[in-house]
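Shown below: run37.txt, with compact mmCIF, N, CA and C atoms.
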```
# COMPACT_ATOMS: atom_id res chain seq x y z
N MET A 1 110.76 -24.80 -39.03
CA MET A 1 111.03 -26.20 -38.73
C MET A 1 109.78 -27.03 -39.02
N SER A 2 109.98 -28.17 -39.64
CA SER A 2 108.87 -29.10 -39.86
C SER A 2 108.58 -29.82 -38.55
N ARG A 3 107.55 -30.61 -38.56
CA ARG A 3 107.20 -31.33 -37.33
C ARG A 3 108.30 -32.30 -36.94
N LEU A 4 108.35 -32.60 -35.66
CA LEU A 4 109.30 -33.58 -35.15
C LEU A 4 108.85 -34.97 -35.57
N LEU A 5 109.75 -35.78 -36.04
CA LEU A 5 109.43 -37.11 -36.56
C LEU A 5 109.52 -38.14 -35.43
N TYR A 6 108.57 -38.03 -34.49
CA TYR A 6 108.59 -38.91 -33.31
C TYR A 6 108.56 -40.38 -33.70
N GLU A 7 107.88 -40.70 -34.79
CA GLU A 7 107.78 -42.10 -35.19
C GLU A 7 109.14 -42.66 -35.62
N SER A 8 110.11 -41.80 -35.88
CA SER A 8 111.46 -42.23 -36.23
C SER A 8 112.46 -42.00 -35.09
N SER A 9 111.94 -41.70 -33.90
CA SER A 9 112.83 -41.45 -32.77
C SER A 9 113.54 -42.73 -32.34
N VAL A 10 114.73 -42.54 -31.74
CA VAL A 10 115.56 -43.66 -31.31
C VAL A 10 116.02 -43.39 -29.89
N SER A 11 115.80 -44.36 -29.01
CA SER A 11 116.30 -44.27 -27.65
C SER A 11 117.72 -44.79 -27.63
N TYR A 12 118.63 -43.99 -27.02
CA TYR A 12 120.04 -44.37 -27.04
C TYR A 12 120.73 -43.87 -25.78
N LYS A 13 121.14 -44.80 -24.93
CA LYS A 13 121.96 -44.53 -23.74
C LYS A 13 121.42 -43.42 -22.85
N GLY A 14 120.09 -43.38 -22.69
CA GLY A 14 119.49 -42.40 -21.79
C GLY A 14 118.97 -41.16 -22.48
N TYR A 15 119.05 -41.13 -23.79
CA TYR A 15 118.59 -39.99 -24.57
C TYR A 15 117.60 -40.47 -25.63
N LEU A 16 116.69 -39.60 -25.99
CA LEU A 16 115.79 -39.89 -27.09
C LEU A 16 116.17 -38.95 -28.22
N ILE A 17 116.59 -39.53 -29.33
CA ILE A 17 116.99 -38.79 -30.52
C ILE A 17 115.75 -38.63 -31.40
N ILE A 18 115.38 -37.39 -31.68
CA ILE A 18 114.16 -37.11 -32.43
C ILE A 18 114.53 -36.34 -33.70
N PRO A 19 114.50 -37.01 -34.85
CA PRO A 19 114.86 -36.34 -36.10
C PRO A 19 113.74 -35.42 -36.59
N PHE A 20 114.12 -34.46 -37.42
CA PHE A 20 113.16 -33.63 -38.14
C PHE A 20 113.83 -33.11 -39.40
N ILE A 21 113.00 -32.68 -40.36
CA ILE A 21 113.53 -32.12 -41.60
C ILE A 21 113.87 -30.67 -41.33
N PHE A 22 115.15 -30.36 -41.42
CA PHE A 22 115.64 -29.02 -41.16
C PHE A 22 115.36 -28.08 -42.33
N GLY A 23 115.47 -28.61 -43.53
CA GLY A 23 115.23 -27.81 -44.73
C GLY A 23 115.45 -28.64 -45.97
N LYS A 24 115.36 -27.95 -47.11
CA LYS A 24 115.58 -28.62 -48.39
C LYS A 24 116.58 -27.81 -49.21
N VAL A 25 117.44 -28.54 -49.91
CA VAL A 25 118.38 -27.94 -50.83
C VAL A 25 118.28 -28.72 -52.13
N ASP A 26 117.95 -28.03 -53.21
CA ASP A 26 117.79 -28.68 -54.52
C ASP A 26 116.89 -29.92 -54.42
N ASN A 27 115.78 -29.79 -53.71
CA ASN A 27 114.80 -30.86 -53.52
C ASN A 27 115.32 -32.03 -52.68
N TYR A 28 116.47 -31.89 -52.02
CA TYR A 28 116.97 -32.90 -51.10
C TYR A 28 116.68 -32.44 -49.68
N GLU A 29 116.18 -33.36 -48.87
CA GLU A 29 115.89 -33.03 -47.48
C GLU A 29 117.17 -33.07 -46.64
N ILE A 30 117.31 -32.09 -45.77
CA ILE A 30 118.43 -32.01 -44.83
C ILE A 30 117.83 -32.26 -43.45
N PHE A 31 118.39 -33.20 -42.70
CA PHE A 31 117.84 -33.59 -41.41
C PHE A 31 118.67 -33.04 -40.26
N SER A 32 117.96 -32.76 -39.17
CA SER A 32 118.57 -32.38 -37.91
C SER A 32 117.89 -33.21 -36.83
N TYR A 33 118.18 -32.92 -35.57
CA TYR A 33 117.57 -33.68 -34.49
C TYR A 33 117.48 -32.85 -33.22
N LYS A 34 116.61 -33.30 -32.34
CA LYS A 34 116.51 -32.76 -30.99
C LYS A 34 116.68 -33.93 -30.04
N LEU A 35 117.03 -33.60 -28.80
CA LEU A 35 117.24 -34.64 -27.78
C LEU A 35 116.34 -34.42 -26.58
N LEU A 36 115.90 -35.51 -26.00
CA LEU A 36 115.34 -35.53 -24.66
C LEU A 36 116.26 -36.38 -23.82
N SER A 37 116.34 -36.09 -22.55
CA SER A 37 117.21 -36.83 -21.65
C SER A 37 116.37 -37.52 -20.58
N GLU A 38 116.75 -38.74 -20.22
CA GLU A 38 116.05 -39.46 -19.14
C GLU A 38 116.10 -38.67 -17.83
N ILE A 39 117.16 -37.93 -17.62
CA ILE A 39 117.28 -37.19 -16.35
C ILE A 39 116.74 -35.76 -16.46
N GLY A 40 116.08 -35.46 -17.56
CA GLY A 40 115.41 -34.17 -17.72
C GLY A 40 116.34 -32.98 -17.66
N ARG A 41 115.89 -31.96 -16.95
CA ARG A 41 116.63 -30.69 -16.91
C ARG A 41 118.01 -30.80 -16.27
N LYS A 42 118.28 -31.90 -15.61
CA LYS A 42 119.62 -32.09 -15.02
C LYS A 42 120.68 -32.27 -16.11
N SER A 43 120.25 -32.57 -17.31
CA SER A 43 121.16 -32.77 -18.43
C SER A 43 121.22 -31.52 -19.29
N HIS A 44 122.41 -31.14 -19.69
CA HIS A 44 122.51 -29.99 -20.58
C HIS A 44 122.11 -30.34 -22.02
N PHE A 45 121.80 -31.62 -22.28
CA PHE A 45 121.31 -32.03 -23.60
C PHE A 45 119.78 -32.15 -23.65
N HIS A 46 119.10 -31.92 -22.54
CA HIS A 46 117.64 -32.06 -22.52
C HIS A 46 116.99 -30.94 -23.34
N LYS A 47 116.19 -31.32 -24.32
CA LYS A 47 115.47 -30.41 -25.21
C LYS A 47 116.40 -29.55 -26.06
N VAL A 48 117.59 -30.04 -26.33
CA VAL A 48 118.56 -29.31 -27.13
C VAL A 48 118.44 -29.71 -28.59
N GLU A 49 118.61 -28.73 -29.45
CA GLU A 49 118.61 -29.01 -30.88
C GLU A 49 120.02 -29.15 -31.41
N ASN A 50 120.30 -30.28 -31.99
CA ASN A 50 121.52 -30.58 -32.72
C ASN A 50 122.81 -30.08 -32.05
N PRO A 51 123.12 -30.60 -30.86
CA PRO A 51 124.36 -30.14 -30.20
C PRO A 51 125.63 -30.47 -30.99
N ALA A 52 125.58 -31.43 -31.89
CA ALA A 52 126.74 -31.77 -32.71
C ALA A 52 126.98 -30.72 -33.79
N LYS A 53 125.94 -29.94 -34.10
CA LYS A 53 126.03 -28.91 -35.16
C LYS A 53 126.39 -29.52 -36.52
N VAL A 54 125.93 -30.76 -36.73
CA VAL A 54 126.15 -31.46 -37.99
C VAL A 54 124.78 -31.92 -38.48
N TYR A 55 124.55 -31.82 -39.77
CA TYR A 55 123.26 -32.18 -40.35
C TYR A 55 123.43 -33.42 -41.21
N GLY A 56 122.29 -34.08 -41.50
CA GLY A 56 122.36 -35.34 -42.22
C GLY A 56 121.53 -35.34 -43.48
N ILE A 57 121.76 -36.38 -44.29
CA ILE A 57 121.05 -36.51 -45.55
C ILE A 57 119.90 -37.51 -45.48
N SER A 58 119.76 -38.16 -44.32
CA SER A 58 118.67 -39.12 -44.12
C SER A 58 118.42 -39.25 -42.62
N ILE A 59 117.32 -39.88 -42.29
CA ILE A 59 117.02 -40.11 -40.87
C ILE A 59 118.10 -40.99 -40.26
N ARG A 60 118.47 -42.07 -40.93
CA ARG A 60 119.50 -42.97 -40.39
C ARG A 60 120.83 -42.23 -40.19
N ASN A 61 121.17 -41.38 -41.14
CA ASN A 61 122.41 -40.61 -41.06
C ASN A 61 122.40 -39.66 -39.87
N ILE A 62 121.30 -38.96 -39.64
CA ILE A 62 121.25 -38.01 -38.52
C ILE A 62 121.23 -38.75 -37.19
N VAL A 63 120.61 -39.90 -37.13
CA VAL A 63 120.63 -40.70 -35.90
C VAL A 63 122.06 -41.16 -35.61
N ASP A 64 122.78 -41.60 -36.64
CA ASP A 64 124.19 -41.98 -36.45
C ASP A 64 125.02 -40.82 -35.93
N ILE A 65 124.79 -39.63 -36.48
CA ILE A 65 125.51 -38.43 -36.04
C ILE A 65 125.21 -38.15 -34.56
N ALA A 66 123.93 -38.23 -34.20
CA ALA A 66 123.53 -37.98 -32.81
C ALA A 66 124.13 -39.01 -31.87
N GLN A 67 124.12 -40.28 -32.26
CA GLN A 67 124.68 -41.33 -31.41
C GLN A 67 126.18 -41.13 -31.20
N GLU A 68 126.88 -40.76 -32.25
CA GLU A 68 128.32 -40.51 -32.12
C GLU A 68 128.57 -39.33 -31.18
N HIS A 69 127.77 -38.29 -31.29
CA HIS A 69 127.93 -37.13 -30.41
C HIS A 69 127.65 -37.53 -28.95
N ILE A 70 126.63 -38.33 -28.73
CA ILE A 70 126.32 -38.80 -27.37
C ILE A 70 127.48 -39.65 -26.84
N ASP A 71 128.01 -40.55 -27.67
CA ASP A 71 129.12 -41.41 -27.24
C ASP A 71 130.31 -40.58 -26.76
N ILE A 72 130.57 -39.47 -27.41
CA ILE A 72 131.73 -38.65 -27.08
C ILE A 72 131.45 -37.66 -25.95
N ASN A 73 130.23 -37.12 -25.89
CA ASN A 73 129.95 -35.97 -25.02
C ASN A 73 128.94 -36.19 -23.90
N ALA A 74 128.35 -37.35 -23.79
CA ALA A 74 127.29 -37.56 -22.80
C ALA A 74 127.81 -37.38 -21.38
N GLU A 75 126.98 -36.72 -20.54
CA GLU A 75 127.37 -36.55 -19.14
C GLU A 75 126.95 -37.74 -18.29
N PHE A 76 126.14 -38.63 -18.85
CA PHE A 76 125.76 -39.87 -18.17
C PHE A 76 125.40 -40.88 -19.25
N ILE A 77 125.41 -42.14 -18.87
CA ILE A 77 124.99 -43.22 -19.75
C ILE A 77 123.97 -44.06 -18.98
N SER A 78 122.86 -44.35 -19.63
CA SER A 78 121.85 -45.21 -19.03
C SER A 78 121.68 -46.43 -19.92
N TYR A 79 121.69 -47.59 -19.31
CA TYR A 79 121.47 -48.81 -20.09
C TYR A 79 120.05 -49.33 -19.92
N GLU A 80 119.25 -48.63 -19.12
CA GLU A 80 117.82 -48.92 -19.05
C GLU A 80 117.15 -48.00 -20.06
N ASP A 81 116.13 -48.45 -20.66
CA ASP A 81 115.45 -47.62 -21.67
C ASP A 81 114.28 -46.90 -21.03
N GLY A 82 114.53 -45.70 -20.56
CA GLY A 82 113.48 -44.89 -19.94
C GLY A 82 112.44 -44.41 -20.94
N PHE A 83 112.71 -44.58 -22.22
CA PHE A 83 111.78 -44.16 -23.26
C PHE A 83 111.10 -45.35 -23.95
N ARG A 84 111.18 -46.53 -23.33
CA ARG A 84 110.64 -47.73 -23.98
C ARG A 84 109.13 -47.68 -24.15
N SER A 85 108.44 -47.02 -23.24
CA SER A 85 106.98 -46.93 -23.34
C SER A 85 106.61 -45.59 -23.97
N ARG A 86 106.99 -45.45 -25.22
CA ARG A 86 106.65 -44.22 -25.94
C ARG A 86 105.74 -44.57 -27.11
N TYR A 87 104.84 -43.66 -27.37
CA TYR A 87 103.83 -43.88 -28.39
C TYR A 87 103.66 -42.60 -29.19
N VAL A 88 103.25 -42.74 -30.43
CA VAL A 88 102.94 -41.60 -31.27
C VAL A 88 101.47 -41.70 -31.63
N TYR A 89 100.73 -40.64 -31.33
CA TYR A 89 99.31 -40.59 -31.67
C TYR A 89 99.01 -39.22 -32.25
N ARG A 90 98.51 -39.21 -33.47
CA ARG A 90 98.24 -37.96 -34.18
C ARG A 90 99.47 -37.05 -34.18
N HIS A 91 100.61 -37.62 -34.43
CA HIS A 91 101.91 -36.93 -34.50
C HIS A 91 102.38 -36.38 -33.15
N ASN A 92 101.72 -36.72 -32.06
CA ASN A 92 102.12 -36.31 -30.71
C ASN A 92 102.92 -37.45 -30.08
N LEU A 93 103.94 -37.09 -29.31
CA LEU A 93 104.73 -38.08 -28.59
C LEU A 93 104.20 -38.22 -27.17
N ILE A 94 103.90 -39.44 -26.78
CA ILE A 94 103.43 -39.75 -25.43
C ILE A 94 104.43 -40.73 -24.83
N ILE A 95 105.00 -40.36 -23.69
CA ILE A 95 105.93 -41.24 -22.98
C ILE A 95 105.29 -41.57 -21.65
N VAL A 96 105.11 -42.85 -21.39
CA VAL A 96 104.47 -43.30 -20.15
C VAL A 96 105.56 -43.78 -19.19
N PHE A 97 105.43 -43.35 -17.94
CA PHE A 97 106.38 -43.72 -16.89
C PHE A 97 105.63 -44.44 -15.77
N LYS A 98 106.34 -45.30 -15.07
CA LYS A 98 105.77 -46.01 -13.92
C LYS A 98 106.65 -45.75 -12.72
N GLU A 99 106.00 -45.36 -11.62
CA GLU A 99 106.71 -45.14 -10.38
C GLU A 99 105.81 -45.56 -9.22
N LYS A 100 106.28 -46.49 -8.41
CA LYS A 100 105.51 -46.98 -7.25
C LYS A 100 104.10 -47.42 -7.65
N ASN A 101 104.00 -48.24 -8.69
CA ASN A 101 102.74 -48.80 -9.17
C ASN A 101 101.74 -47.76 -9.64
N LYS A 102 102.18 -46.56 -9.93
CA LYS A 102 101.34 -45.52 -10.52
C LYS A 102 101.96 -45.10 -11.85
N PHE A 103 101.13 -44.71 -12.78
CA PHE A 103 101.57 -44.33 -14.11
C PHE A 103 101.29 -42.85 -14.34
N PHE A 104 102.17 -42.21 -15.07
CA PHE A 104 101.97 -40.84 -15.50
C PHE A 104 102.63 -40.69 -16.87
N TYR A 105 102.47 -39.55 -17.49
CA TYR A 105 102.95 -39.42 -18.86
C TYR A 105 103.52 -38.03 -19.12
N ASP A 106 104.34 -37.97 -20.16
CA ASP A 106 104.76 -36.72 -20.77
C ASP A 106 104.13 -36.68 -22.15
N HIS A 107 103.70 -35.51 -22.56
CA HIS A 107 103.04 -35.34 -23.85
C HIS A 107 103.70 -34.18 -24.58
N TYR A 108 104.26 -34.48 -25.74
CA TYR A 108 104.92 -33.46 -26.55
C TYR A 108 104.18 -33.31 -27.88
N PRO A 109 103.79 -32.09 -28.24
CA PRO A 109 103.09 -31.87 -29.51
C PRO A 109 104.05 -32.02 -30.70
N PRO A 110 103.52 -32.04 -31.92
CA PRO A 110 104.34 -32.31 -33.10
C PRO A 110 105.42 -31.26 -33.41
N GLU A 111 105.23 -30.02 -33.02
CA GLU A 111 106.12 -28.96 -33.48
C GLU A 111 107.24 -28.58 -32.52
N PHE A 112 107.10 -28.87 -31.23
CA PHE A 112 108.11 -28.43 -30.28
C PHE A 112 108.13 -29.32 -29.05
N LEU A 113 109.21 -29.24 -28.28
CA LEU A 113 109.39 -30.10 -27.12
C LEU A 113 108.96 -29.39 -25.83
N ASN A 114 107.70 -29.05 -25.75
CA ASN A 114 107.12 -28.53 -24.51
C ASN A 114 106.16 -29.58 -23.99
N ASN A 115 106.38 -30.03 -22.78
CA ASN A 115 105.56 -31.07 -22.19
C ASN A 115 104.19 -30.49 -21.84
N LEU A 116 103.13 -31.07 -22.42
CA LEU A 116 101.77 -30.61 -22.20
C LEU A 116 100.99 -31.50 -21.24
N ALA A 117 101.66 -32.42 -20.58
CA ALA A 117 100.97 -33.42 -19.75
C ALA A 117 100.25 -32.79 -18.56
N ALA A 118 99.10 -33.36 -18.25
CA ALA A 118 98.35 -32.96 -17.06
C ALA A 118 98.96 -33.67 -15.85
N PRO A 119 98.99 -33.02 -14.69
CA PRO A 119 99.52 -33.67 -13.49
C PRO A 119 98.50 -34.67 -12.94
N LYS A 120 98.47 -35.84 -13.51
CA LYS A 120 97.47 -36.84 -13.15
C LYS A 120 98.16 -38.20 -13.06
N LEU A 121 97.76 -38.99 -12.08
CA LEU A 121 98.28 -40.35 -11.91
C LEU A 121 97.22 -41.35 -12.33
N PHE A 122 97.68 -42.48 -12.84
CA PHE A 122 96.79 -43.53 -13.32
C PHE A 122 97.19 -44.86 -12.71
N SER A 123 96.24 -45.80 -12.68
CA SER A 123 96.54 -47.10 -12.09
C SER A 123 97.09 -48.10 -13.10
N SER A 124 97.04 -47.77 -14.40
CA SER A 124 97.59 -48.67 -15.42
C SER A 124 98.07 -47.85 -16.62
N GLU A 125 98.94 -48.47 -17.39
CA GLU A 125 99.42 -47.81 -18.61
C GLU A 125 98.27 -47.63 -19.59
N TYR A 126 97.39 -48.62 -19.66
CA TYR A 126 96.23 -48.53 -20.55
C TYR A 126 95.35 -47.34 -20.19
N GLU A 127 95.06 -47.17 -18.90
CA GLU A 127 94.22 -46.06 -18.44
C GLU A 127 94.87 -44.71 -18.80
N CYS A 128 96.17 -44.64 -18.64
CA CYS A 128 96.92 -43.44 -18.97
C CYS A 128 96.82 -43.14 -20.46
N LEU A 129 97.06 -44.13 -21.29
CA LEU A 129 97.01 -43.93 -22.74
C LEU A 129 95.60 -43.60 -23.21
N ARG A 130 94.60 -44.23 -22.61
CA ARG A 130 93.21 -43.93 -22.96
C ARG A 130 92.88 -42.47 -22.66
N TRP A 131 93.34 -41.98 -21.50
CA TRP A 131 93.11 -40.59 -21.11
C TRP A 131 93.73 -39.62 -22.14
N VAL A 132 94.96 -39.91 -22.54
CA VAL A 132 95.64 -39.05 -23.51
C VAL A 132 94.92 -39.09 -24.86
N GLN A 133 94.57 -40.28 -25.30
CA GLN A 133 93.87 -40.42 -26.58
C GLN A 133 92.54 -39.67 -26.56
N GLU A 134 91.79 -39.81 -25.49
CA GLU A 134 90.51 -39.10 -25.38
C GLU A 134 90.74 -37.59 -25.39
N GLY A 135 91.80 -37.13 -24.74
CA GLY A 135 92.11 -35.71 -24.74
C GLY A 135 92.47 -35.20 -26.12
N LEU A 136 93.28 -35.95 -26.84
CA LEU A 136 93.66 -35.54 -28.19
C LEU A 136 92.49 -35.63 -29.16
N ASP A 137 91.56 -36.51 -28.88
CA ASP A 137 90.36 -36.62 -29.72
C ASP A 137 89.28 -35.62 -29.29
N GLY A 138 89.51 -34.90 -28.19
CA GLY A 138 88.53 -33.93 -27.71
C GLY A 138 87.44 -34.50 -26.84
N ARG A 139 87.52 -35.78 -26.50
CA ARG A 139 86.45 -36.40 -25.72
C ARG A 139 86.47 -35.99 -24.26
N ASN A 140 87.65 -35.73 -23.66
CA ASN A 140 87.68 -35.30 -22.26
C ASN A 140 87.01 -33.95 -22.09
N ILE A 141 87.17 -33.07 -23.06
CA ILE A 141 86.55 -31.75 -22.98
C ILE A 141 85.04 -31.88 -23.03
N ARG A 142 84.53 -32.69 -23.95
CA ARG A 142 83.08 -32.88 -24.07
C ARG A 142 82.50 -33.48 -22.79
N LYS A 143 83.19 -34.45 -22.18
CA LYS A 143 82.70 -35.05 -20.93
C LYS A 143 82.60 -34.02 -19.83
N ASN A 144 83.61 -33.16 -19.70
CA ASN A 144 83.63 -32.17 -18.64
C ASN A 144 82.60 -31.06 -18.84
N LEU A 145 82.16 -30.83 -20.07
CA LEU A 145 81.17 -29.79 -20.33
C LEU A 145 79.75 -30.28 -20.09
N GLN A 146 79.55 -31.58 -20.07
CA GLN A 146 78.20 -32.13 -19.89
C GLN A 146 77.79 -32.14 -18.44
```
Give the structure from this file in structure tokens form.
Amino acid sequence: MSRLLYESSVSYKGYLIIPFIFGKVDNYEIFSYKLLSEIGRKSHFHKVENPAKVYGISIRNIVDIAQEHIDINAEFISYEDGFRSRYVYRHNLIIVFKEKNKFFYDHYPPEFLNNLAAPKLFSSEYECLRWVQEGLDGRNIRKNLQ
């Protein structure tokens, strides 16, 4: 599997659709997708790869396929965008959440949907993003070694 194309991800009705290049046939790219769910492990679609079992010929095509599958099969619908504060840095997906005036994040590397986030709370979204950026740049490690 190629890296997940977080920069082309689409938030839709409580799910984050994340396309990736599944393979190539005669120099044409075939796309698939993975899903994240706002309700996490409570959803049987959380971290699932292509539950529709249909592949696409473009990013837009695979997103349309995923949206249609969600419309038909979703166990819940959310009209709030729980993935609105998502960022891509060095091909990593960072999703920032706010709860009771504290911020925390989920961090997914480019190749797979395993959350690498540290259990840390922040007082602002900026502070949270700065922490993640410093970690990905290796600056947090250098600070702790000094």
For this session: May I ask for the distance between atom C of A:Ile18 and atom CA of A:Leu5, given in Å to one decimal place?
Result: 5.9 Å
Exercise. In terms of the shortest atom-to-atom distance over only N, CA and C atoms, which of A:Asp64, A:Ser58, A:Glu111, A:Ser124 is closest to A:His91?
Worked result: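 Comparing A:Asp64, A:Ser58, A:Glu111, A:Ser124 against A:His91, the winner is A:Glu111.
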For this session: For each of A:Pro109, A:Arg130, A:Asn114, A:Leu35, take the minimum atom-to-atom distance to A:Ser9, counting only C-alpha atoms, then give the residue where this is smallest.
Result: A:Leu35
Problem set entry | Local residues around (99.0, -43.9, -23.1), at most 9 Å away, using only C-alpha atoms, as a list in words |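 I get Ser85, Arg86, Tyr87, Ile94, Ile95, Val96, Phe104, Tyr105, Glu125, Tyr126, Glu127, Cys128, Leu129, Arg130, Trp131, Val132 and Gln133 of chain A for the residues within 9 Å of that point.
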For this session: Would you mind writing down, as a ChimeraX atom specification, each residue of stretch 65-123 of chain A that DSSP on the backbone assigns to strand (DSSP E)?
Result: /A:86-89,92-99,102-108
Problem set entry | Shell of 8 Å around A:Tyr12, all atoms listed in the file, local chain residues under 3 positions omitted, as a PyMOL selection string | chain A and resi 9+15-17+67+70+77-83
Exercise. How many Å separate atom CA of A:Ser43 from atom N of A:Asn73?
Worked result: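 Between these atoms lies a distance of 12.5 Å.
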Looking only at the backbone, which of the residues in chain A does DSSP tag as alpha helix (DSSP H), as a CSV table (one decimal) with N, CA and C atoms, in the frame of the given file?
```csv
chain,number,residue,atom,x,y,z
A,59,ILE,N,117.3,-39.9,-42.3
A,59,ILE,CA,117.0,-40.1,-40.9
A,59,ILE,C,118.1,-41.0,-40.3
A,60,ARG,N,118.5,-42.1,-40.9
A,60,ARG,CA,119.5,-43.0,-40.4
A,60,ARG,C,120.8,-42.2,-40.2
A,61,ASN,N,121.2,-41.4,-41.1
A,61,ASN,CA,122.4,-40.6,-41.1
A,61,ASN,C,122.4,-39.7,-39.9
A,62,ILE,N,121.3,-39.0,-39.6
A,62,ILE,CA,121.2,-38.0,-38.5
A,62,ILE,C,121.2,-38.8,-37.2
A,63,VAL,N,120.6,-39.9,-37.1
A,63,VAL,CA,120.6,-40.7,-35.9
A,63,VAL,C,122.1,-41.2,-35.6
A,64,ASP,N,122.8,-41.6,-36.6
A,64,ASP,CA,124.2,-42.0,-36.4
A,64,ASP,C,125.0,-40.8,-35.9
A,65,ILE,N,124.8,-39.6,-36.5
A,65,ILE,CA,125.5,-38.4,-36.0
A,65,ILE,C,125.2,-38.2,-34.6
A,66,ALA,N,123.9,-38.2,-34.2
A,66,ALA,CA,123.5,-38.0,-32.8
A,66,ALA,C,124.1,-39.0,-31.9
A,67,GLN,N,124.1,-40.3,-32.3
A,67,GLN,CA,124.7,-41.3,-31.4
A,67,GLN,C,126.2,-41.1,-31.2
A,68,GLU,N,126.9,-40.8,-32.2
A,68,GLU,CA,128.3,-40.5,-32.1
A,68,GLU,C,128.6,-39.3,-31.2
A,69,HIS,N,127.8,-38.3,-31.3
A,69,HIS,CA,127.9,-37.1,-30.4
A,69,HIS,C,127.6,-37.5,-29.0
A,70,ILE,N,126.6,-38.3,-28.7
A,70,ILE,CA,126.3,-38.8,-27.4
A,70,ILE,C,127.5,-39.6,-26.8
A,71,ASP,N,128.0,-40.6,-27.7
A,71,ASP,CA,129.1,-41.4,-27.2
A,71,ASP,C,130.3,-40.6,-26.8
A,72,ILE,N,130.6,-39.5,-27.4
A,72,ILE,CA,131.7,-38.6,-27.1
A,72,ILE,C,131.4,-37.7,-26.0
A,73,ASN,N,130.2,-37.1,-25.9
A,73,ASN,CA,130.0,-36.0,-25.0
A,73,ASN,C,128.9,-36.2,-23.9
A,125,GLU,N,98.9,-48.5,-17.4
A,125,GLU,CA,99.4,-47.8,-18.6
A,125,GLU,C,98.3,-47.6,-19.6
A,126,TYR,N,97.4,-48.6,-19.7
A,126,TYR,CA,96.2,-48.5,-20.6
A,126,TYR,C,95.4,-47.3,-20.2
A,127,GLU,N,95.1,-47.2,-18.9
A,127,GLU,CA,94.2,-46.1,-18.4
A,127,GLU,C,94.9,-44.7,-18.8
A,128,CYS,N,96.2,-44.6,-18.6
A,128,CYS,CA,96.9,-43.4,-19.0
A,128,CYS,C,96.8,-43.1,-20.5
A,129,LEU,N,97.1,-44.1,-21.3
A,129,LEU,CA,97.0,-43.9,-22.7
A,129,LEU,C,95.6,-43.6,-23.2
A,130,ARG,N,94.6,-44.2,-22.6
A,130,ARG,CA,93.2,-43.9,-23.0
A,130,ARG,C,92.9,-42.5,-22.7
A,131,TRP,N,93.3,-42.0,-21.5
A,131,TRP,CA,93.1,-40.6,-21.1
A,131,TRP,C,93.7,-39.6,-22.1
A,132,VAL,N,95.0,-39.9,-22.5
A,132,VAL,CA,95.6,-39.0,-23.5
A,132,VAL,C,94.9,-39.1,-24.9
A,133,GLN,N,94.6,-40.3,-25.3
A,133,GLN,CA,93.9,-40.4,-26.6
A,133,GLN,C,92.5,-39.7,-26.6
A,134,GLU,N,91.8,-39.8,-25.5
A,134,GLU,CA,90.5,-39.1,-25.4
A,134,GLU,C,90.7,-37.6,-25.4
A,135,GLY,N,91.8,-37.1,-24.7
A,135,GLY,CA,92.1,-35.7,-24.7
A,135,GLY,C,92.5,-35.2,-26.1
A,136,LEU,N,93.3,-36.0,-26.8
A,136,LEU,CA,93.7,-35.5,-28.2
A,136,LEU,C,92.5,-35.6,-29.2
A,139,ARG,N,87.5,-35.8,-26.5
A,139,ARG,CA,86.4,-36.4,-25.7
A,139,ARG,C,86.5,-36.0,-24.3
A,140,ASN,N,87.6,-35.7,-23.7
A,140,ASN,CA,87.7,-35.3,-22.3
A,140,ASN,C,87.0,-34.0,-22.1
A,141,ILE,N,87.2,-33.1,-23.1
A,141,ILE,CA,86.6,-31.8,-23.0
A,141,ILE,C,85.0,-31.9,-23.0
A,142,ARG,N,84.5,-32.7,-24.0
A,142,ARG,CA,83.1,-32.9,-24.1
A,142,ARG,C,82.5,-33.5,-22.8
A,143,LYS,N,83.2,-34.4,-22.2
A,143,LYS,CA,82.7,-35.0,-20.9
A,143,LYS,C,82.6,-34.0,-19.8
A,144,ASN,N,83.6,-33.2,-19.7
A,144,ASN,CA,83.6,-32.2,-18.6
A,144,ASN,C,82.6,-31.1,-18.8
A,145,LEU,N,82.2,-30.8,-20.1
A,145,LEU,CA,81.2,-29.8,-20.3
A,145,LEU,C,79.8,-30.3,-20.1
```
Exercise. Separation of atom N of A:Ser8 and atom N of A:Phe103, in Å?
Worked result: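 For atom N of A:Ser8 relative to atom N of A:Phe103, the distance reads 25.0 Å.
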Problem set entry | Nearest-residue call for A:Gly14, choices A:Ser2, A:Ser37, A:Asn61, A:Asn92, using all atoms listed in the file |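 Of all the options, A:Ser37 lies closest to A:Gly14.
The smallest atom-to-atom distance between A:Lys120 and any of A:Phe97, A:Tyr6, A:Leu136, A:Tyr89, using only C-alpha atoms, is found for A:Phe97.
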Problem set entry | Nearest to A:Arg3 by atom-to-atom distance, counting only C-alpha atoms, from A:Val54, A:Phe22, A:Asn115, A:Leu121 |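 Using only C-alpha atoms, A:Arg3 sits closest to A:Phe22.
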Problem set entry | Shortest interatomic distance to A:Tyr33 - which of A:Glu99, A:Ala117, A:Val63, A:Ser11, counting only N, CA and C atoms |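 Checking each of A:Glu99, A:Ala117, A:Val63, A:Ser11 against A:Tyr33, counting only N, CA and C atoms, the winner is A:Val63.
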